[in-house]
file run_5.cif (mmCIF, C-alpha atoms)
data_target
#
loop_
_atom_site.group_PDB
_atom_site.id
_atom_site.type_symbol
_atom_site.label_atom_id
_atom_site.label_comp_id
_atom_site.auth_asym_id
_atom_site.auth_seq_id
_atom_site.Cartn_x
_atom_site.Cartn_y
_atom_site.Cartn_z
ATOM 1 C CA MET A 1 -9.698 -53.389 -9.855
ATOM 2 C CA PRO A 2 -12.207 -55.637 -8.094
ATOM 3 C CA GLU A 3 -11.041 -58.904 -6.548
ATOM 4 C CA LEU A 4 -12.733 -62.291 -6.784
ATOM 5 C CA HIS A 5 -12.410 -64.808 -3.957
ATOM 6 C CA VAL A 6 -13.319 -68.483 -4.434
ATOM 7 C CA ALA A 7 -12.285 -70.888 -1.668
ATOM 8 C CA ASP A 8 -8.576 -70.152 -1.079
ATOM 9 C CA LYS A 9 -8.075 -68.540 -4.507
ATOM 10 C CA ARG A 10 -8.009 -64.754 -4.938
ATOM 11 C CA TRP A 11 -7.304 -62.596 -8.010
ATOM 12 C CA SER A 12 -7.987 -59.187 -9.552
ATOM 13 C CA VAL A 13 -10.320 -58.746 -12.507
ATOM 14 C CA ALA A 14 -11.214 -55.864 -14.797
ATOM 15 C CA ASP A 15 -14.062 -53.667 -13.606
ATOM 16 C CA GLY A 16 -17.270 -54.638 -15.431
ATOM 17 C CA CYS A 17 -16.005 -58.016 -16.655
ATOM 18 C CA ASN A 18 -18.416 -60.938 -16.993
ATOM 19 C CA LEU A 19 -18.382 -63.086 -13.836
ATOM 20 C CA LEU A 20 -18.600 -66.409 -15.701
ATOM 21 C CA ASP A 21 -15.676 -65.489 -17.957
ATOM 22 C CA ALA A 22 -13.577 -64.302 -15.006
ATOM 23 C CA LEU A 23 -14.194 -67.532 -13.075
ATOM 24 C CA ASN A 24 -13.492 -69.868 -15.997
ATOM 25 C CA GLN A 25 -10.384 -67.934 -17.114
ATOM 26 C CA ALA A 26 -8.971 -68.319 -13.600
ATOM 27 C CA GLY A 27 -9.504 -72.082 -13.683
ATOM 28 C CA VAL A 28 -12.608 -72.139 -11.475
ATOM 29 C CA SER A 29 -14.810 -74.755 -13.086
ATOM 30 C CA VAL A 30 -18.280 -73.287 -13.536
ATOM 31 C CA PRO A 31 -20.456 -75.118 -16.069
ATOM 32 C CA TYR A 32 -22.440 -73.154 -18.609
ATOM 33 C CA SER A 33 -24.512 -73.697 -21.721
ATOM 34 C CA CYS A 34 -26.766 -70.936 -23.006
ATOM 35 C CA ARG A 35 -25.004 -67.785 -21.685
ATOM 36 C CA ALA A 36 -28.451 -66.164 -21.762
ATOM 37 C CA GLY A 37 -29.701 -66.896 -18.234
ATOM 38 C CA SER A 38 -32.085 -69.659 -19.310
ATOM 39 C CA CYS A 39 -30.346 -72.925 -18.451
ATOM 40 C CA HIS A 40 -29.176 -71.986 -14.905
ATOM 41 C CA ALA A 41 -26.057 -74.146 -15.340
ATOM 42 C CA CYS A 42 -23.757 -71.323 -14.173
ATOM 43 C CA LEU A 43 -25.432 -70.835 -10.789
ATOM 44 C CA VAL A 44 -23.064 -69.438 -8.134
ATOM 45 C CA ARG A 45 -23.617 -68.050 -4.644
ATOM 46 C CA CYS A 46 -22.330 -64.597 -3.729
ATOM 47 C CA VAL A 47 -21.452 -64.892 -0.041
ATOM 48 C CA GLN A 48 -19.956 -61.410 0.197
ATOM 49 C CA GLY A 49 -20.337 -58.498 -2.197
ATOM 50 C CA GLU A 50 -22.881 -57.905 -4.922
ATOM 51 C CA PRO A 51 -22.334 -58.142 -8.691
ATOM 52 C CA HIS A 52 -24.279 -56.058 -11.194
ATOM 53 C CA ASP A 53 -27.003 -58.518 -12.259
ATOM 54 C CA LEU A 54 -28.218 -57.962 -15.824
ATOM 55 C CA LYS A 55 -31.138 -60.405 -15.486
ATOM 56 C CA PRO A 56 -32.363 -60.509 -11.866
ATOM 57 C CA GLU A 57 -35.775 -61.835 -12.905
ATOM 58 C CA ALA A 58 -34.172 -65.133 -14.000
ATOM 59 C CA LEU A 59 -34.094 -66.319 -10.365
ATOM 60 C CA SER A 60 -36.746 -66.317 -7.670
ATOM 61 C CA ARG A 61 -36.742 -63.741 -4.889
ATOM 62 C CA VAL A 62 -35.784 -66.465 -2.387
ATOM 63 C CA GLN A 63 -32.826 -67.613 -4.508
ATOM 64 C CA ARG A 64 -31.612 -64.025 -4.836
ATOM 65 C CA GLU A 65 -31.974 -63.435 -1.080
ATOM 66 C CA GLN A 66 -29.817 -66.530 -0.515
ATOM 67 C CA GLY A 67 -27.112 -64.968 -2.710
ATOM 68 C CA TRP A 68 -27.600 -67.115 -5.817
ATOM 69 C CA ARG A 69 -26.746 -65.491 -9.145
ATOM 70 C CA LEU A 70 -26.303 -66.638 -12.739
ATOM 71 C CA ALA A 71 -22.625 -65.975 -13.449
ATOM 72 C CA CYS A 72 -23.285 -65.480 -17.167
ATOM 73 C CA GLN A 73 -25.557 -62.524 -16.375
ATOM 74 C CA CYS A 74 -23.358 -60.739 -13.834
ATOM 75 C CA GLN A 75 -20.726 -58.059 -14.185
ATOM 76 C CA VAL A 76 -18.047 -57.659 -11.527
ATOM 77 C CA SER A 77 -17.937 -54.093 -10.237
ATOM 78 C CA ALA A 78 -16.724 -54.645 -6.652
ATOM 79 C CA ASP A 79 -14.947 -57.312 -4.595
ATOM 80 C CA LEU A 80 -16.880 -60.611 -4.520
ATOM 81 C CA HIS A 81 -16.632 -63.801 -2.495
ATOM 82 C CA ILE A 82 -18.175 -66.634 -4.533
ATOM 83 C CA GLU A 83 -19.158 -70.255 -3.880
ATOM 84 C CA ALA A 84 -19.725 -72.452 -6.923
ATOM 85 C CA PHE A 85 -22.852 -74.641 -6.974
ATOM 86 C CA ASP A 86 -22.164 -78.062 -5.445
ATOM 87 C CA PRO A 87 -24.902 -80.617 -6.248
ATOM 88 C CA GLN A 88 -24.042 -82.653 -3.143
ATOM 89 C CA ARG A 89 -24.446 -79.619 -0.901
ATOM 90 C CA ASP A 90 -26.908 -77.424 -2.804
ATOM 91 C CA GLY A 91 -28.883 -79.888 -4.911
ATOM 92 C CA LEU A 92 -32.333 -81.302 -4.380
ATOM 93 C CA PRO A 93 -32.685 -85.025 -3.643
ATOM 94 C CA ALA A 94 -35.016 -86.878 -5.996
ATOM 95 C CA GLU A 95 -36.102 -90.408 -6.841
ATOM 96 C CA VAL A 96 -36.441 -91.917 -10.294
ATOM 97 C CA ALA A 97 -40.192 -92.141 -10.940
ATOM 98 C CA ALA A 98 -40.097 -93.541 -14.485
ATOM 99 C CA VAL A 99 -37.754 -94.405 -17.331
ATOM 100 C CA ASP A 100 -39.257 -94.536 -20.825
ATOM 101 C CA TRP A 101 -37.513 -95.046 -24.155
ATOM 102 C CA LEU A 102 -39.307 -92.719 -26.577
ATOM 103 C CA SER A 103 -37.139 -93.838 -29.501
ATOM 104 C CA ALA A 104 -33.856 -95.661 -30.060
ATOM 105 C CA THR A 105 -31.914 -92.555 -29.039
ATOM 106 C CA VAL A 106 -34.255 -90.629 -26.715
ATOM 107 C CA LEU A 107 -34.802 -91.585 -23.083
ATOM 108 C CA ARG A 108 -37.357 -89.799 -20.890
ATOM 109 C CA LEU A 109 -36.361 -89.803 -17.234
ATOM 110 C CA ARG A 110 -39.005 -88.695 -14.736
ATOM 111 C CA LEU A 111 -37.852 -87.626 -11.310
ATOM 112 C CA GLY A 112 -39.872 -87.077 -8.177
ATOM 113 C CA ALA A 113 -38.409 -84.289 -6.053
ATOM 114 C CA GLN A 114 -38.876 -84.174 -2.296
ATOM 115 C CA ARG A 115 -40.207 -80.605 -2.560
ATOM 116 C CA PRO A 116 -41.584 -78.427 -5.392
ATOM 117 C CA VAL A 117 -39.066 -77.326 -8.002
ATOM 118 C CA ARG A 118 -39.216 -74.031 -9.895
ATOM 119 C CA TYR A 119 -37.832 -74.436 -13.390
#

call {"tool": "encode", "arguments": {"input": "run_5.cif", "output": "structure tokens"}}
result
Amino acid sequence: MPELHVADKRWSVADGCNLLDALNQAGVSVPYSCRAGSCHACLVRCVQGEPHDLKPEALSRVQREQGWRLACQCQVSADLHIEAFDPQRDGLPAEVAAVDWLSATVLRLRLGAQRPVRY
């Protein structure tokens, strides 16, 4: 059985299990939304080991080289050391460029990033 390592936590998981499910079931808070690889909410970094990635094209080559994976699209088949996405450490600083109310319940927020963003 493969082992997952996150910070000081370590546990065994079933071979071939979904990485997002394994993390959340163990109490590791990884956000998610679509479970299809579109929203990128479940971004994690594999610092050691390599999961079986069902949708490698969802991330750029650079992101993949840095170890980033979408947990919802990965199966655990070997031991993995994971870091969850931390916006303070891994995020991209931006400034609010504009705030526009489009209706009584819809707000458009425009951000200016310090470098180009691939979305």

call {"tool": "resolve_selection", "arguments": {"input": "run_5.cif", "expression": "the PyMOL selection byres ((chain A and resi 40-49) around 7)", "output": "ChimeraX atom specification"}}
result
/A:30-33,37-39,50-51,67-72,78-85

call {"tool": "residues_around", "arguments": {"input": "run_5.cif", "residues": "range 106-115 of chain A", "least_positions_apart": "3", "cutoff": "12 Å", "atoms": "all atoms listed in the file", "output": "PyMOL selection string"}}
result
chain A and resi 91-103+118

call {"tool": "atom_distance", "arguments": {"input": "run_5.cif", "atom1": "CA of Asp53 in chain A", "atom2": "CA of Ser12 in chain A"}}
result
19.2 Å

call {"tool": "axis_aligned_box", "arguments": {"input": "run_5.cif", "around": "range 84-95 of chain A", "padding_each_side": "4 Å", "output": "AutoDock Vina command-line options"}}
result
--center_x -27.9 --center_y -81.4 --center_z -3.9 --size_x 24.4 --size_y 26.0 --size_z 14.1

call {"tool": "atom_distance", "arguments": {"input": "run_5.cif", "atom1": "CA of Gly27 in chain A", "atom2": "CA of His5 in chain A"}}
result
12.5 Å

call {"tool": "atom_distance", "arguments": {"input": "run_5.cif", "atom1": "CA of Arg89 in chain A", "atom2": "CA of Gln25 in chain A"}}
result
24.4 Å

call {"tool": "closest_residue", "arguments": {"input": "run_5.cif", "among": "A:Glu65, A:Ser77, A:Ala26, A:Pro56", "to": "Trp11 in chain A", "atoms": "all atoms listed in the file"}}
result
A:Ala26

call {"tool": "closest_residue", "arguments": {"input": "run_5.cif", "among": "A:Ala104, A:Pro116, A:Val76, A:Arg35", "to": "Leu19 in chain A", "atoms": "only C-alpha atoms"}}
result
A:Val76

call {"tool": "resolve_selection", "arguments": {"input": "run_5.cif", "expression": "the PyMOL selection byres ((chain A and resi 54) around 8)", "output": "PDB file with C-alpha atoms, in the frame of the given file"}}
result
ATOM      1  CA  HIS A  52     -24.279 -56.058 -11.194  1.00  0.00           C
ATOM      2  CA  ASP A  53     -27.003 -58.518 -12.259  1.00  0.00           C
ATOM      3  CA  LYS A  55     -31.138 -60.405 -15.486  1.00  0.00           C
ATOM      4  CA  PRO A  56     -32.363 -60.509 -11.866  1.00  0.00           C
ATOM      5  CA  GLN A  73     -25.557 -62.524 -16.375  1.00  0.00           C
ATOM      6  CA  CYS A  74     -23.358 -60.739 -13.834  1.00  0.00           C
ATOM      7  CA  GLN A  75     -20.726 -58.059 -14.185  1.00  0.00           C
TER       8      GLN A  75
END

call {"tool": "closest_residue", "arguments": {"input": "run_5.cif", "among": "A:Arg64, A:Ala58, A:Val6, A:Asp86", "to": "Ala22 in chain A", "atoms": "all atoms listed in the file"}}
result
A:Val6

call {"tool": "decode", "arguments": {"input": "run_5.cif", "residues": "chain A", "atoms": "C-alpha atoms", "output": "JSON list (two decimals), in the first residue's frame"}}
result
[["chain", "number", "residue", "atom", "x", "y", "z"],
["A", 1, "MET", "CA", 0.00, 0.00, 0.00],
["A", 2, "PRO", "CA", 1.37, 3.42, -0.93],
["A", 3, "GLU", "CA", 1.95, 6.01, 1.79],
["A", 4, "LEU", "CA", 1.04, 9.69, 1.68],
["A", 5, "HIS", "CA", 3.11, 12.25, 3.58],
["A", 6, "VAL", "CA", 1.82, 15.78, 4.25],
["A", 7, "ALA", "CA", 3.80, 17.90, 6.71],
["A", 8, "ASP", "CA", 4.22, 15.67, 9.80],
["A", 9, "LYS", "CA", 1.27, 13.42, 8.90],
["A", 10, "ARG", "CA", 1.78, 10.01, 7.26],
["A", 11, "TRP", "CA", -0.71, 7.26, 6.38],
["A", 12, "SER", "CA", -1.30, 4.32, 4.04],
["A", 13, "VAL", "CA", -3.83, 4.47, 1.22],
["A", 14, "ALA", "CA", -5.24, 1.96, -1.24],
["A", 15, "ASP", "CA", -3.29, 1.56, -4.46],
["A", 16, "GLY", "CA", -5.00, 3.54, -7.24],
["A", 17, "CYS", "CA", -7.13, 5.69, -4.92],
["A", 18, "ASN", "CA", -7.96, 9.27, -5.88],
["A", 19, "LEU", "CA", -5.45, 11.70, -4.33],
["A", 20, "LEU", "CA", -8.05, 14.35, -3.47],
["A", 21, "ASP", "CA", -10.27, 11.81, -1.70],
["A", 22, "ALA", "CA", -7.32, 10.35, 0.22],
["A", 23, "LEU", "CA", -6.20, 13.79, 1.41],
["A", 24, "ASN", "CA", -9.66, 14.98, 2.47],
["A", 25, "GLN", "CA", -10.54, 11.67, 4.18],
["A", 26, "ALA", "CA", -7.37, 11.99, 6.27],
["A", 27, "GLY", "CA", -8.33, 15.50, 7.38],
["A", 28, "VAL", "CA", -5.94, 17.37, 5.08],
["A", 29, "SER", "CA", -7.94, 20.36, 3.93],
["A", 30, "VAL", "CA", -7.70, 20.59, 0.15],
["A", 31, "PRO", "CA", -10.40, 22.72, -1.48],
["A", 32, "TYR", "CA", -12.18, 21.46, -4.56],
["A", 33, "SER", "CA", -15.13, 22.32, -6.76],
["A", 34, "CYS", "CA", -15.48, 20.71, -10.17],
["A", 35, "ARG", "CA", -13.59, 17.40, -9.70],
["A", 36, "ALA", "CA", -12.95, 17.55, -13.45],
["A", 37, "GLY", "CA", -9.62, 19.40, -13.57],
["A", 38, "SER", "CA", -11.12, 22.70, -14.71],
["A", 39, "CYS", "CA", -11.26, 24.90, -11.62],
["A", 40, "HIS", "CA", -7.71, 24.19, -10.30],
["A", 41, "ALA", "CA", -8.95, 24.57, -6.71],
["A", 42, "CYS", "CA", -7.33, 21.27, -5.65],
["A", 43, "LEU", "CA", -3.79, 22.22, -6.69],
["A", 44, "VAL", "CA", -1.10, 20.40, -4.68],
["A", 45, "ARG", "CA", 2.66, 20.07, -5.09],
["A", 46, "CYS", "CA", 4.28, 16.64, -5.24],
["A", 47, "VAL", "CA", 7.69, 17.16, -3.63],
["A", 48, "GLN", "CA", 8.64, 13.49, -3.74],
["A", 49, "GLY", "CA", 7.09, 10.70, -5.77],
["A", 50, "GLU", "CA", 4.83, 10.85, -8.80],
["A", 51, "PRO", "CA", 1.09, 10.13, -8.94],
["A", 52, "HIS", "CA", -0.63, 8.75, -12.02],
["A", 53, "ASP", "CA", -2.02, 11.94, -13.59],
["A", 54, "LEU", "CA", -5.22, 11.37, -15.59],
["A", 55, "LYS", "CA", -5.23, 14.90, -17.07],
["A", 56, "PRO", "CA", -1.65, 16.20, -17.41],
["A", 57, "GLU", "CA", -2.67, 18.73, -20.07],
["A", 58, "ALA", "CA", -4.69, 20.67, -17.46],
["A", 59, "LEU", "CA", -1.48, 22.32, -16.19],
["A", 60, "SER", "CA", 1.36, 24.02, -18.02],
["A", 61, "ARG", "CA", 4.67, 22.28, -18.58],
["A", 62, "VAL", "CA", 6.33, 24.66, -16.09],
["A", 63, "GLN", "CA", 3.73, 23.93, -13.40],
["A", 64, "ARG", "CA", 4.19, 20.19, -13.91],
["A", 65, "GLU", "CA", 7.99, 20.52, -13.76],
["A", 66, "GLN", "CA", 7.58, 22.33, -10.43],
["A", 67, "GLY", "CA", 5.60, 19.33, -9.12],
["A", 68, "TRP", "CA", 2.12, 20.87, -9.23],
["A", 69, "ARG", "CA", -0.77, 18.46, -9.81],
["A", 70, "LEU", "CA", -4.56, 18.61, -9.62],
["A", 71, "ALA", "CA", -5.41, 16.22, -6.78],
["A", 72, "CYS", "CA", -8.82, 15.42, -8.29],
["A", 73, "GLN", "CA", -7.12, 14.03, -11.40],
["A", 74, "CYS", "CA", -4.42, 11.93, -9.73],
["A", 75, "GLN", "CA", -4.34, 8.33, -8.60],
["A", 76, "VAL", "CA", -1.91, 7.23, -5.89],
["A", 77, "SER", "CA", 0.20, 4.31, -7.06],
["A", 78, "ALA", "CA", 3.41, 4.88, -5.07],
["A", 79, "ASP", "CA", 4.58, 6.77, -1.97],
["A", 80, "LEU", "CA", 4.01, 10.54, -2.26],
["A", 81, "HIS", "CA", 5.15, 13.57, -0.30],
["A", 82, "ILE", "CA", 2.63, 16.37, -0.85],
["A", 83, "GLU", "CA", 2.45, 20.09, -0.06],
["A", 84, "ALA", "CA", -0.98, 21.72, -0.21],
["A", 85, "PHE", "CA", -1.29, 25.04, -2.06],
["A", 86, "ASP", "CA", -0.72, 27.98, 0.30],
["A", 87, "PRO", "CA", -1.88, 31.31, -1.20],
["A", 88, "GLN", "CA", 0.53, 33.25, 1.03],
["A", 89, "ARG", "CA", 3.48, 31.20, -0.19],
["A", 90, "ASP", "CA", 2.41, 30.07, -3.67],
["A", 91, "GLY", "CA", -0.05, 32.74, -4.77],
["A", 92, "LEU", "CA", 0.42, 35.65, -7.12],
["A", 93, "PRO", "CA", 0.25, 39.18, -5.71],
["A", 94, "ALA", "CA", -2.27, 41.44, -7.44],
["A", 95, "GLU", "CA", -3.86, 44.85, -7.06],
["A", 96, "VAL", "CA", -7.53, 45.70, -7.38],
["A", 97, "ALA", "CA", -7.87, 47.49, -10.73],
["A", 98, "ALA", "CA", -11.65, 48.03, -10.73],
["A", 99, "VAL", "CA", -14.82, 47.20, -8.84],
["A", 100, "ASP", "CA", -18.09, 47.37, -10.78],
["A", 101, "TRP", "CA", -21.58, 46.42, -9.66],
["A", 102, "LEU", "CA", -23.18, 44.77, -12.70],
["A", 103, "SER", "CA", -26.48, 44.23, -10.87],
["A", 104, "ALA", "CA", -27.76, 44.21, -7.29],
["A", 105, "THR", "CA", -26.18, 40.81, -6.70],
["A", 106, "VAL", "CA", -23.26, 40.62, -9.14],
["A", 107, "LEU", "CA", -19.94, 42.35, -8.52],
["A", 108, "ARG", "CA", -17.15, 42.36, -11.12],
["A", 109, "LEU", "CA", -13.71, 42.57, -9.54],
["A", 110, "ARG", "CA", -10.79, 43.27, -11.87],
["A", 111, "LEU", "CA", -7.33, 42.43, -10.65],
["A", 112, "GLY", "CA", -3.99, 43.44, -12.07],
["A", 113, "ALA", "CA", -1.38, 40.72, -11.55],
["A", 114, "GLN", "CA", 2.32, 41.51, -11.29],
["A", 115, "ARG", "CA", 3.06, 38.97, -14.03],
["A", 116, "PRO", "CA", 1.00, 37.19, -16.72],
["A", 117, "VAL", "CA", -1.48, 34.61, -15.46],
["A", 118, "ARG", "CA", -2.48, 31.46, -17.36],
["A", 119, "TYR", "CA", -6.07, 30.55, -16.63]]
